[in-house]
$ cat start_11.pdb   # PDB, C-alpha atoms and all ligand atoms
MODEL        1
ATOM      1  CA  MET A   1       0.000   0.000   0.000
ATOM      2  CA  SER A   2       2.792   2.422   0.855
ATOM      3  CA  GLU A   3       4.523   1.752  -2.474
ATOM      4  CA  LYS A   4       1.201   2.336  -4.241
ATOM      5  CA  ALA A   5       0.702   5.604  -2.353
ATOM      6  CA  LYS A   6       4.213   6.696  -3.297
ATOM      7  CA  ALA A   7       3.561   5.844  -6.953
ATOM      8  CA  ALA A   8       0.296   7.831  -6.908
ATOM      9  CA  ALA A   9       2.095  10.817  -5.355
ATOM     10  CA  GLU A  10       4.875  10.582  -7.947
ATOM     11  CA  LEU A  11       2.337  10.636 -10.765
ATOM     12  CA  ILE A  12       0.612  13.688  -9.282
ATOM     13  CA  SER A  13       3.945  15.536  -8.819
ATOM     14  CA  LYS A  14       5.057  14.642 -12.333
ATOM     15  CA  ASN A  15       1.984  16.382 -13.751
ATOM     16  CA  LEU A  16       1.898  19.144 -11.212
ATOM     17  CA  SER A  17       4.989  20.217  -9.368
ATOM     18  CA  LEU A  18       3.708  22.253  -6.430
ATOM     19  CA  LYS A  19       4.713  22.691  -2.819
ATOM     20  CA  TYR A  20       1.537  22.500  -0.774
ATOM     21  CA  ASP A  21       0.906  24.280   2.522
ATOM     22  CA  ALA A  22      -2.066  22.082   3.434
ATOM     23  CA  ALA A  23      -4.704  19.631   2.217
ATOM     24  CA  ILE A  24      -8.437  19.779   2.852
ATOM     25  CA  ILE A  25     -10.843  16.839   2.685
ATOM     26  CA  LEU A  26     -14.337  18.014   1.829
ATOM     27  CA  GLY A  27     -17.134  16.005   3.403
ATOM     28  CA  SER A  28     -20.743  15.375   2.374
ATOM     29  CA  GLY A  29     -22.353  18.482   0.897
ATOM     30  CA  LEU A  30     -19.232  20.587   1.518
ATOM     31  CA  SER A  31     -17.609  20.485  -1.888
ATOM     32  CA  HIS A  32     -18.577  24.107  -2.715
ATOM     33  CA  LEU A  33     -15.601  25.243  -0.674
ATOM     34  CA  ALA A  34     -13.607  24.232  -3.727
ATOM     35  CA  ASP A  35     -15.390  26.984  -5.726
ATOM     36  CA  GLN A  36     -13.351  29.529  -3.765
ATOM     37  CA  ILE A  37     -10.055  27.995  -4.792
ATOM     38  CA  ASN A  38      -8.068  29.752  -7.452
ATOM     39  CA  ILE A  39      -7.631  26.520  -9.391
ATOM     40  CA  ILE A  40      -4.260  25.548 -10.823
ATOM     41  CA  ALA A  41      -5.261  22.012 -11.824
ATOM     42  CA  THR A  42      -7.957  19.409 -11.305
ATOM     43  CA  ILE A  43      -7.222  15.683 -11.342
ATOM     44  CA  ALA A  44      -9.954  13.029 -11.338
ATOM     45  CA  TYR A  45      -9.371  10.216  -8.851
ATOM     46  CA  SER A  46      -9.805   7.817 -11.774
ATOM     47  CA  GLU A  47      -6.601   9.229 -13.340
ATOM     48  CA  ILE A  48      -4.516   8.385 -10.272
ATOM     49  CA  PRO A  49      -3.263   4.803 -10.020
ATOM     50  CA  GLY A  50      -4.482   3.062  -6.879
ATOM     51  CA  PHE A  51      -6.972   5.779  -5.952
ATOM     52  CA  PRO A  52     -10.360   4.255  -5.147
ATOM     53  CA  GLU A  53     -13.456   5.759  -6.798
ATOM     54  CA  SER A  54     -16.091   7.473  -4.704
ATOM     55  CA  THR A  55     -19.485   5.748  -4.893
ATOM     56  CA  VAL A  56     -21.565   8.145  -2.793
ATOM     57  CA  PRO A  57     -23.679  11.029  -4.166
ATOM     58  CA  GLY A  58     -22.249  14.308  -2.846
ATOM     59  CA  HIS A  59     -18.674  12.973  -3.121
ATOM     60  CA  GLU A  60     -17.331  13.900  -6.524
ATOM     61  CA  GLY A  61     -13.971  12.163  -6.745
ATOM     62  CA  LYS A  62     -11.572  14.943  -7.733
ATOM     63  CA  LEU A  63      -8.373  16.511  -6.483
ATOM     64  CA  VAL A  64      -8.293  20.269  -6.835
ATOM     65  CA  ALA A  65      -4.942  22.026  -6.547
ATOM     66  CA  GLY A  66      -4.847  25.780  -6.211
ATOM     67  CA  ILE A  67      -4.619  28.847  -4.033
ATOM     68  CA  LEU A  68      -6.977  29.493  -1.134
ATOM     69  CA  ALA A  69      -6.434  32.355   1.322
ATOM     70  CA  GLY A  70      -2.974  32.906  -0.160
ATOM     71  CA  LYS A  71      -1.892  29.316   0.505
ATOM     72  CA  THR A  72      -1.196  26.530  -1.953
ATOM     73  CA  ILE A  73      -3.586  23.746  -1.109
ATOM     74  CA  LEU A  74      -4.864  20.453  -2.383
ATOM     75  CA  ALA A  75      -8.582  19.833  -1.838
ATOM     76  CA  LEU A  76     -10.054  16.356  -2.034
ATOM     77  CA  LYS A  77     -13.621  16.524  -3.305
ATOM     78  CA  GLY A  78     -14.948  13.232  -2.078
ATOM     79  CA  ARG A  79     -13.618  10.680   0.366
ATOM     80  CA  PHE A  80     -13.826   6.929   0.829
ATOM     81  CA  HIS A  81     -15.956   5.405   3.539
ATOM     82  CA  TYR A  82     -15.664   2.010   5.162
ATOM     83  CA  TYR A  83     -19.391   1.406   4.501
ATOM     84  CA  GLU A  84     -18.757   1.564   0.751
ATOM     85  CA  GLY A  85     -16.947  -1.737   1.130
ATOM     86  CA  TYR A  86     -13.407  -0.365   0.930
ATOM     87  CA  THR A  87     -10.834  -1.798   3.261
ATOM     88  CA  MET A  88      -9.553   0.543   5.959
ATOM     89  CA  GLN A  89      -6.264   0.720   3.996
ATOM     90  CA  GLU A  90      -8.189   2.012   0.975
ATOM     91  CA  VAL A  91     -10.103   4.498   3.127
ATOM     92  CA  VAL A  92      -6.827   6.082   4.285
ATOM     93  CA  PHE A  93      -4.947   5.689   0.977
ATOM     94  CA  PRO A  94      -5.384   9.395   0.056
ATOM     95  CA  ILE A  95      -3.856  10.446   3.385
ATOM     96  CA  ARG A  96      -0.701   8.476   2.573
ATOM     97  CA  VAL A  97      -0.598  10.006  -0.893
ATOM     98  CA  LEU A  98      -0.790  13.467   0.701
ATOM     99  CA  HIS A  99       2.114  12.500   2.969
ATOM    100  CA  HIS A 100       4.206  11.431  -0.021
ATOM    101  CA  LEU A 101       3.395  14.797  -1.614
ATOM    102  CA  GLY A 102       5.070  16.412   1.393
ATOM    103  CA  ILE A 103       1.837  17.667   2.956
ATOM    104  CA  ASN A 104       1.968  17.956   6.729
ATOM    105  CA  THR A 105      -1.172  19.967   7.558
ATOM    106  CA  LEU A 106      -4.570  18.383   7.016
ATOM    107  CA  ILE A 107      -8.038  19.843   7.467
ATOM    108  CA  LEU A 108     -10.936  17.373   7.547
ATOM    109  CA  SER A 109     -14.636  18.158   7.294
ATOM    110  CA  ASN A 110     -17.760  16.074   7.572
ATOM    111  CA  ALA A 111     -21.503  16.032   8.131
ATOM    112  CA  ALA A 112     -22.549  14.608  11.483
ATOM    113  CA  GLY A 113     -25.552  13.986  13.691
ATOM    114  CA  GLY A 114     -25.575  16.062  16.870
ATOM    115  CA  THR A 115     -25.975  14.160  20.130
ATOM    116  CA  ASN A 116     -25.281  17.173  22.360
ATOM    117  CA  PRO A 117     -28.697  18.595  23.388
ATOM    118  CA  GLU A 118     -27.316  22.156  23.088
ATOM    119  CA  PHE A 119     -26.658  21.726  19.362
ATOM    120  CA  ARG A 120     -28.893  22.959  16.529
ATOM    121  CA  ILE A 121     -29.048  21.818  12.915
ATOM    122  CA  GLY A 122     -26.544  23.883  10.927
ATOM    123  CA  ASP A 123     -24.115  24.329  13.820
ATOM    124  CA  ILE A 124     -20.416  23.900  13.108
ATOM    125  CA  MET A 125     -18.488  21.785  15.606
ATOM    126  CA  LEU A 126     -14.743  21.951  15.955
ATOM    127  CA  ILE A 127     -13.606  18.402  16.739
ATOM    128  CA  ARG A 128     -11.545  18.527  19.923
ATOM    129  CA  ASP A 129     -11.177  14.744  20.209
ATOM    130  CA  HIS A 130     -12.743  11.571  18.863
ATOM    131  CA  ILE A 131     -13.990   8.126  19.829
ATOM    132  CA  ASN A 132     -13.441   5.304  17.363
ATOM    133  CA  LEU A 133     -16.568   3.111  17.471
ATOM    134  CA  MET A 134     -15.897   1.511  14.096
ATOM    135  CA  GLY A 135     -14.663  -1.715  15.630
ATOM    136  CA  THR A 136     -11.599  -1.638  13.411
ATOM    137  CA  ASN A 137      -8.573   0.552  12.752
ATOM    138  CA  PRO A 138      -6.662   1.535   9.600
ATOM    139  CA  LEU A 139      -3.353   0.653  11.271
ATOM    140  CA  ILE A 140      -4.241  -3.016  11.809
ATOM    141  CA  GLY A 141      -1.739  -5.186   9.955
ATOM    142  CA  LYS A 142       2.017  -5.100   9.550
ATOM    143  CA  ASN A 143       3.317  -1.666  10.498
ATOM    144  CA  ASP A 144       5.279   0.285   7.913
ATOM    145  CA  GLU A 145       7.978   1.874  10.076
ATOM    146  CA  THR A 146       8.816   4.330   7.300
ATOM    147  CA  LEU A 147       5.356   5.859   7.798
ATOM    148  CA  GLY A 148       5.137   5.881  11.577
ATOM    149  CA  PRO A 149       5.394   3.888  14.810
ATOM    150  CA  ARG A 150       3.620   0.600  15.581
ATOM    151  CA  PHE A 151       1.791   2.160  18.542
ATOM    152  CA  PRO A 152       1.081   5.805  17.717
ATOM    153  CA  ASP A 153       0.235   8.225  20.492
ATOM    154  CA  MET A 154      -3.315   9.615  20.336
ATOM    155  CA  SER A 155      -3.177  11.969  23.341
ATOM    156  CA  GLN A 156      -3.510  15.038  21.100
ATOM    157  CA  VAL A 157      -4.931  14.104  17.709
ATOM    158  CA  TYR A 158      -6.185  17.583  16.784
ATOM    159  CA  ASP A 159      -3.504  20.257  16.799
ATOM    160  CA  PRO A 160      -3.953  22.783  19.653
ATOM    161  CA  GLY A 161      -2.561  25.625  17.534
ATOM    162  CA  LEU A 162      -4.998  24.964  14.688
ATOM    163  CA  LEU A 163      -7.906  24.575  17.154
ATOM    164  CA  GLN A 164      -7.054  27.919  18.725
ATOM    165  CA  ALA A 165      -6.760  29.535  15.302
ATOM    166  CA  ALA A 166     -10.235  28.207  14.379
ATOM    167  CA  ARG A 167     -11.728  29.607  17.606
ATOM    168  CA  GLU A 168     -10.191  33.009  16.925
ATOM    169  CA  VAL A 169     -11.374  33.089  13.306
ATOM    170  CA  ALA A 170     -14.899  32.154  14.462
ATOM    171  CA  ILE A 171     -14.957  34.973  17.031
ATOM    172  CA  GLY A 172     -13.609  37.472  14.492
ATOM    173  CA  SER A 173     -16.205  36.398  11.911
ATOM    174  CA  HIS A 174     -19.122  36.244  14.399
ATOM    175  CA  ILE A 175     -19.595  32.524  13.777
ATOM    176  CA  SER A 176     -20.915  30.584  16.735
ATOM    177  CA  LEU A 177     -18.461  27.686  16.718
ATOM    178  CA  LYS A 178     -19.375  24.706  18.866
ATOM    179  CA  GLU A 179     -16.722  22.314  20.079
ATOM    180  CA  GLY A 180     -16.829  18.673  21.009
ATOM    181  CA  ILE A 181     -16.114  14.993  20.620
ATOM    182  CA  TYR A 182     -16.856  13.158  17.366
ATOM    183  CA  ALA A 183     -17.748   9.463  17.500
ATOM    184  CA  ALA A 184     -17.183   7.457  14.336
ATOM    185  CA  VAL A 185     -19.414   4.521  13.446
ATOM    186  CA  THR A 186     -19.299   2.402  10.317
ATOM    187  CA  GLY A 187     -22.788   3.238   9.006
ATOM    188  CA  PRO A 188     -24.317   3.061   6.474
ATOM    189  CA  VAL A 189     -27.422   3.188   8.665
ATOM    190  CA  TYR A 190     -28.205   6.255  10.712
ATOM    191  CA  GLU A 191     -28.590   5.547  14.398
ATOM    192  CA  THR A 192     -31.598   4.270  16.298
ATOM    193  CA  PRO A 193     -32.728   6.506  19.187
ATOM    194  CA  ALA A 194     -31.140   3.989  21.600
ATOM    195  CA  GLU A 195     -27.843   4.187  19.713
ATOM    196  CA  TYR A 196     -27.816   8.023  19.744
ATOM    197  CA  ARG A 197     -28.417   7.866  23.508
ATOM    198  CA  TYR A 198     -25.617   5.307  23.933
ATOM    199  CA  ILE A 199     -23.221   7.461  21.896
ATOM    200  CA  ARG A 200     -24.121  10.497  24.031
ATOM    201  CA  ILE A 201     -23.561   8.515  27.239
ATOM    202  CA  LEU A 202     -20.129   7.508  25.943
ATOM    203  CA  GLY A 203     -19.228  11.181  25.819
ATOM    204  CA  ALA A 204     -19.697  12.184  22.179
ATOM    205  CA  ASP A 205     -21.275  15.413  20.964
ATOM    206  CA  ALA A 206     -21.675  14.259  17.375
ATOM    207  CA  VAL A 207     -21.652  11.040  15.372
ATOM    208  CA  GLY A 208     -20.684  10.296  11.801
ATOM    209  CA  MET A 209     -19.294   7.697   9.414
ATOM    210  CA  SER A 210     -15.907   9.153   8.473
ATOM    211  CA  THR A 211     -12.931  11.266   9.581
ATOM    212  CA  VAL A 212     -11.575   9.062  12.378
ATOM    213  CA  PRO A 213      -9.757   6.550  10.109
ATOM    214  CA  GLU A 214      -8.194   9.478   8.225
ATOM    215  CA  ALA A 215      -7.277  11.219  11.485
ATOM    216  CA  ILE A 216      -5.611   8.045  12.791
ATOM    217  CA  ALA A 217      -3.608   7.543   9.584
ATOM    218  CA  ALA A 218      -2.624  11.224   9.568
ATOM    219  CA  ARG A 219      -1.411  11.142  13.172
ATOM    220  CA  HIS A 220       0.511   7.938  12.446
ATOM    221  CA  LEU A 221       2.331  10.029   9.822
ATOM    222  CA  GLY A 222       2.812  12.894  12.296
ATOM    223  CA  MET A 223       0.558  15.344  10.425
ATOM    224  CA  ARG A 224      -0.979  18.443  12.003
ATOM    225  CA  LEU A 225      -4.742  18.079  11.997
ATOM    226  CA  MET A 226      -7.910  20.079  12.311
ATOM    227  CA  ALA A 227     -11.442  18.765  11.750
ATOM    228  CA  LEU A 228     -14.869  20.394  11.541
ATOM    229  CA  SER A 229     -18.354  18.843  11.553
ATOM    230  CA  VAL A 230     -21.564  20.373  10.269
ATOM    231  CA  ILE A 231     -24.455  19.213  12.414
ATOM    232  CA  THR A 232     -27.023  18.098   9.846
ATOM    233  CA  ASP A 233     -29.524  16.331  12.108
ATOM    234  CA  LEU A 234     -30.131  15.763  15.805
ATOM    235  CA  GLY A 235     -29.770  12.491  17.674
ATOM    236  CA  VAL A 236     -31.249  13.985  20.822
ATOM    237  CA  GLU A 237     -34.238  12.492  22.645
ATOM    238  CA  GLY A 238     -37.428  14.326  21.623
ATOM    239  CA  LYS A 239     -35.747  15.872  18.543
ATOM    240  CA  ILE A 240     -35.054  12.768  16.469
ATOM    241  CA  GLN A 241     -36.694  12.875  13.062
ATOM    242  CA  LYS A 242     -36.555  10.646  10.022
ATOM    243  CA  ILE A 243     -33.550  11.627   7.894
ATOM    244  CA  THR A 244     -32.300  10.965   4.405
ATOM    245  CA  HIS A 245     -28.884  11.438   2.810
ATOM    246  CA  GLU A 246     -30.386  14.264   0.680
ATOM    247  CA  GLU A 247     -31.423  16.141   3.831
ATOM    248  CA  VAL A 248     -27.926  15.676   5.240
ATOM    249  CA  LEU A 249     -26.430  17.094   2.025
ATOM    250  CA  THR A 250     -28.838  20.059   2.024
ATOM    251  CA  ALA A 251     -28.151  20.905   5.672
ATOM    252  CA  ALA A 252     -24.381  20.592   5.152
ATOM    253  CA  ALA A 253     -24.478  22.796   2.047
ATOM    254  CA  ALA A 254     -26.414  25.483   3.958
ATOM    255  CA  SER A 255     -23.607  25.773   6.532
ATOM    256  CA  GLU A 256     -20.774  25.378   4.055
ATOM    257  CA  PRO A 257     -20.058  29.170   3.859
ATOM    258  CA  PHE A 258     -19.248  29.177   7.605
ATOM    259  CA  ILE A 259     -16.914  26.206   7.257
ATOM    260  CA  THR A 260     -15.253  27.968   4.319
ATOM    261  CA  THR A 261     -14.757  31.153   6.356
ATOM    262  CA  ILE A 262     -13.170  29.225   9.216
ATOM    263  CA  ILE A 263     -10.888  27.173   6.969
ATOM    264  CA  LYS A 264      -9.777  30.231   4.988
ATOM    265  CA  GLY A 265      -9.078  32.156   8.186
ATOM    266  CA  VAL A 266      -7.059  29.296   9.656
ATOM    267  CA  LEU A 267      -5.078  28.896   6.430
ATOM    268  CA  LYS A 268      -4.316  32.609   6.261
ATOM    269  CA  GLY A 269      -2.841  32.658   9.748
ATOM    270  CA  ASN A 270      -1.085  29.284   9.664
ATOM    271  CA  SER A 271       1.251  26.915   7.877
TER
HETATM  272  N1  LIG A 301     -25.364   9.629  12.119
HETATM  273  C1  LIG A 301     -24.307   9.162  11.463
HETATM  274  N2  LIG A 301     -23.756   9.794  10.467
HETATM  275  C2  LIG A 301     -24.281  10.962  10.084
HETATM  276  C3  LIG A 301     -25.388  11.500  10.724
HETATM  277  C4  LIG A 301     -25.966  10.791  11.802
HETATM  278  O1  LIG A 301     -26.972  11.209  12.411
HETATM  279  N3  LIG A 301     -25.671  12.681  10.122
HETATM  280  C5  LIG A 301     -24.749  12.845   9.138
HETATM  281  N4  LIG A 301     -23.904  11.802   9.113
ENDMDL
END
$ encode --input "start_11.pdb" --output "structure tokens" --more "lines below"
Ligand code: HPA
Amino acid sequence: MSEKAKAAAELISKNLSLKYDAAIILGSGLSHLADQINIIATIAYSEIPGFPESTVPGHEGKLVAGILAGKTILALKGRFHYYEGYTMQEVVFPIRVLHHLGINTLILSNAAGGTNPEFRIGDIMLIRDHINLMGTNPLIGKNDETLGPRFPDMSQVYDPGLLQAAREVAIGSHISLKEGIYAAVTGPVYETPAEYRYIRILGADAVGMSTVPEAIAARHLGMRLMALSVITDLGVEGKIQKITHEEVLTAAAASEPFITTIIKGVLKGNS
């Protein structure tokens, strides 16, 4: 897998020799952030050897290289989820490609269900920490010591400097930024009321089907990380309603401008 990731990175660099300040993974309904990028090049995932293809509506399957907030960035429009049937190694493949491209700062975004009773639909939550409830881990298997240690530390997954920068940008832009713990489940089902309650009791403020495998692989590689969730529905007793993927996409898209403002502000002041 590491050789494949290196080969994919080499192909990207051969076509596009850039030095990136950061990469951004755009979650469900959040791909409009890419519209703000001053695009240098776009590469379809299908053109990159070893890159899986996204099978979910709302995840386009493109790499966009360009300038955002004065920084050279690579945005991934579309990610790979475990529920699509990919192995965990495939889910985190793009993260290893980013590493081989020399990228050390990664911003992740996702749509999530809020389990914190204070949250409202449309809120943005800065992920302070996570709980892996996927029952598996992308680092299971023989460890590649050239990537990182066998037993990576997870005491500070999300970079304190980036978190602080996000808080400051939110204050300066009058965005009410929530903060909390993200629990990752495999999906593809949304939770039952009993499961939302269980996830809340475990200490999570939001639940979703992504981000944590990527965060684990990124920390294994020693990357600096920040992650944001858009709360697209509520898993709170008395507020649980039927939801569809389309409603999740619509709710995420409605809050996308706030995510964009925060990410641009963080990029401007960092890296
Ligand atoms: N649960 C899991 N994943 C999600 C949810 C949810 O309620 N909303 C958006 N992604």
$ axis_aligned_box --input "start_11.pdb" --around "ligand LIG 301 (chain A)" --padding-each-side "8 Å" --output "lines of an AutoDock Vina configuration file"
center_x = -25.4
center_y = 11.0
center_z = 10.8
size_x = 19.2
size_y = 19.7
size_z = 19.3
$ closest_residue --input "start_11.pdb" --among "A:Thr232, A:Ser155, A:Asn38, A:Ser2" --to "ligand LIG 301 (chain A)" --atoms "only C-alpha atoms and all ligand atoms"
A:Thr232
$ closest_atom_pairs --input "start_11.pdb" --of "range 146-205 of chain A" --to "range 116-130 of chain A" --cutoff "9 Å" --atoms "all atoms listed in the file" --output "JSON lines"
{"residue": "A:Gln156", "atom": "CA", "partner": "A:Asp129", "partner_atom": "CA", "distance": 7.7}
{"residue": "A:Val157", "atom": "CA", "partner": "A:Asp129", "partner_atom": "CA", "distance": 6.8}
{"residue": "A:Tyr158", "atom": "CA", "partner": "A:Arg128", "partner_atom": "CA", "distance": 6.3}
{"residue": "A:Asp159", "atom": "CA", "partner": "A:Arg128", "partner_atom": "CA", "distance": 8.8}
{"residue": "A:Pro160", "atom": "CA", "partner": "A:Arg128", "partner_atom": "CA", "distance": 8.7}
{"residue": "A:Leu163", "atom": "CA", "partner": "A:Leu126", "partner_atom": "CA", "distance": 7.4}
{"residue": "A:Ala166", "atom": "CA", "partner": "A:Leu126", "partner_atom": "CA", "distance": 7.9}
{"residue": "A:Arg167", "atom": "CA", "partner": "A:Leu126", "partner_atom": "CA", "distance": 8.4}
{"residue": "A:Ile175", "atom": "CA", "partner": "A:Ile124", "partner_atom": "CA", "distance": 8.7}
{"residue": "A:Ser176", "atom": "CA", "partner": "A:Asp123", "partner_atom": "CA", "distance": 7.6}
{"residue": "A:Leu177", "atom": "CA", "partner": "A:Ile124", "partner_atom": "CA", "distance": 5.6}
{"residue": "A:Lys178", "atom": "CA", "partner": "A:Met125", "partner_atom": "CA", "distance": 4.5}
{"residue": "A:Glu179", "atom": "CA", "partner": "A:Leu126", "partner_atom": "CA", "distance": 4.6}
{"residue": "A:Gly180", "atom": "CA", "partner": "A:Ile127", "partner_atom": "CA", "distance": 5.4}
{"residue": "A:Ile181", "atom": "CA", "partner": "A:Asp129", "partner_atom": "CA", "distance": 5.0}
{"residue": "A:Tyr182", "atom": "CA", "partner": "A:His130", "partner_atom": "CA", "distance": 4.7}
{"residue": "A:Ala183", "atom": "CA", "partner": "A:His130", "partner_atom": "CA", "distance": 5.6}
{"residue": "A:Ala184", "atom": "CA", "partner": "A:His130", "partner_atom": "CA", "distance": 7.6}
{"residue": "A:Arg200", "atom": "CA", "partner": "A:Asn116", "partner_atom": "CA", "distance": 7.0}
{"residue": "A:Ala204", "atom": "CA", "partner": "A:Asn116", "partner_atom": "CA", "distance": 7.5}
{"residue": "A:Asp205", "atom": "CA", "partner": "A:Asn116", "partner_atom": "CA", "distance": 4.6}
$ atom_distance --input "start_11.pdb" --atom1 "CA of Ile12 in chain A" --atom2 "CA of Pro149 in chain A"
26.4 Å
$ closest_atom_pairs --input "start_11.pdb" --of "chain A" --to "ligand LIG 301 (chain A)" --cutoff "6 Å" --atoms "all atoms listed in the file" --output "CSV"
residue,atom,partner,partner_atom,distance
A:Ala111,CA,A:LIG301,C5,4.7
A:Ala112,CA,A:LIG301,C5,3.7
A:Gly113,CA,A:LIG301,O1,3.4
A:Tyr190,CA,A:LIG301,N1,4.6
A:Glu191,CA,A:LIG301,N1,5.7
A:Val207,CA,A:LIG301,C1,5.1
A:Gly208,CA,A:LIG301,N2,3.4
A:Met209,CA,A:LIG301,N2,5.0
A:Thr232,CA,A:LIG301,N3,5.6
A:Asp233,CA,A:LIG301,N3,5.7
A:Val248,CA,A:LIG301,C5,5.8
$ closest_residue --input "start_11.pdb" --among "A:Leu162, A:Gly78, A:Leu11, A:Gly235" --to "Pro193 in chain A" --atoms "all atoms listed in the file"
A:Gly235
$ resolve_selection --input "start_11.pdb" --expression "the PyMOL selection byres (((chain A and resi 33) around 9) and not hetatm)" --output "VMD selection string"
chain A and resid 26 30 to 32 34 to 37 75 256 to 257 259 to 260
$ residues_near_point --input "start_11.pdb" --point "(-10.8, 1.7, 12.8)" --cutoff "6 Å" --atoms "only C-alpha atoms" --output "list in words"
Met134, Gly135, Thr136, Asn137, Pro138 and Pro213 of chain A
$ write_last_selection --input "start_11.pdb" --atoms "C-alpha atoms" --output "PDB file, in the coordinates of the input"
ATOM      1  CA  MET A 134     -15.897   1.511  14.096  1.00  0.00           C
ATOM      2  CA  GLY A 135     -14.663  -1.715  15.630  1.00  0.00           C
ATOM      3  CA  THR A 136     -11.599  -1.638  13.411  1.00  0.00           C
ATOM      4  CA  ASN A 137      -8.573   0.552  12.752  1.00  0.00           C
ATOM      5  CA  PRO A 138      -6.662   1.535   9.600  1.00  0.00           C
ATOM      6  CA  PRO A 213      -9.757   6.550  10.109  1.00  0.00           C
TER       7      PRO A 213
END
$ atom_distance --input "start_11.pdb" --atom1 "CA of Ile95 in chain A" --atom2 "CA of Leu267 in chain A"
18.7 Å
$ resolve_selection --input "start_11.pdb" --expression "the PyMOL selection byres (((chain A and resi 100) around 9) and not hetatm)" --output "JSON, numbers by chain"
{"A": [5, 6, 7, 8, 9, 10, 95, 96, 97, 98, 99, 101, 102, 103]}
$ atom_distance --input "start_11.pdb" --atom1 "CA of Gly265 in chain A" --atom2 "CA of His174 in chain A"
12.5 Å
$ residues_around --input "start_11.pdb" --residues "range 88-90 of chain A" --least-positions-apart "3" --cutoff "8 Å" --atoms "all atoms listed in the file" --output "list in words"
Met1, Phe51, Pro52, Phe80, Tyr82, Phe93, Pro94, Asn137, Pro138, Leu139 and Pro213 of chain A
$ closest_residue --input "start_11.pdb" --among "A:Ser13, A:Thr186, A:Asn110, A:Ser46" --to "Arg79 in chain A" --atoms "all atoms listed in the file"
A:Asn110
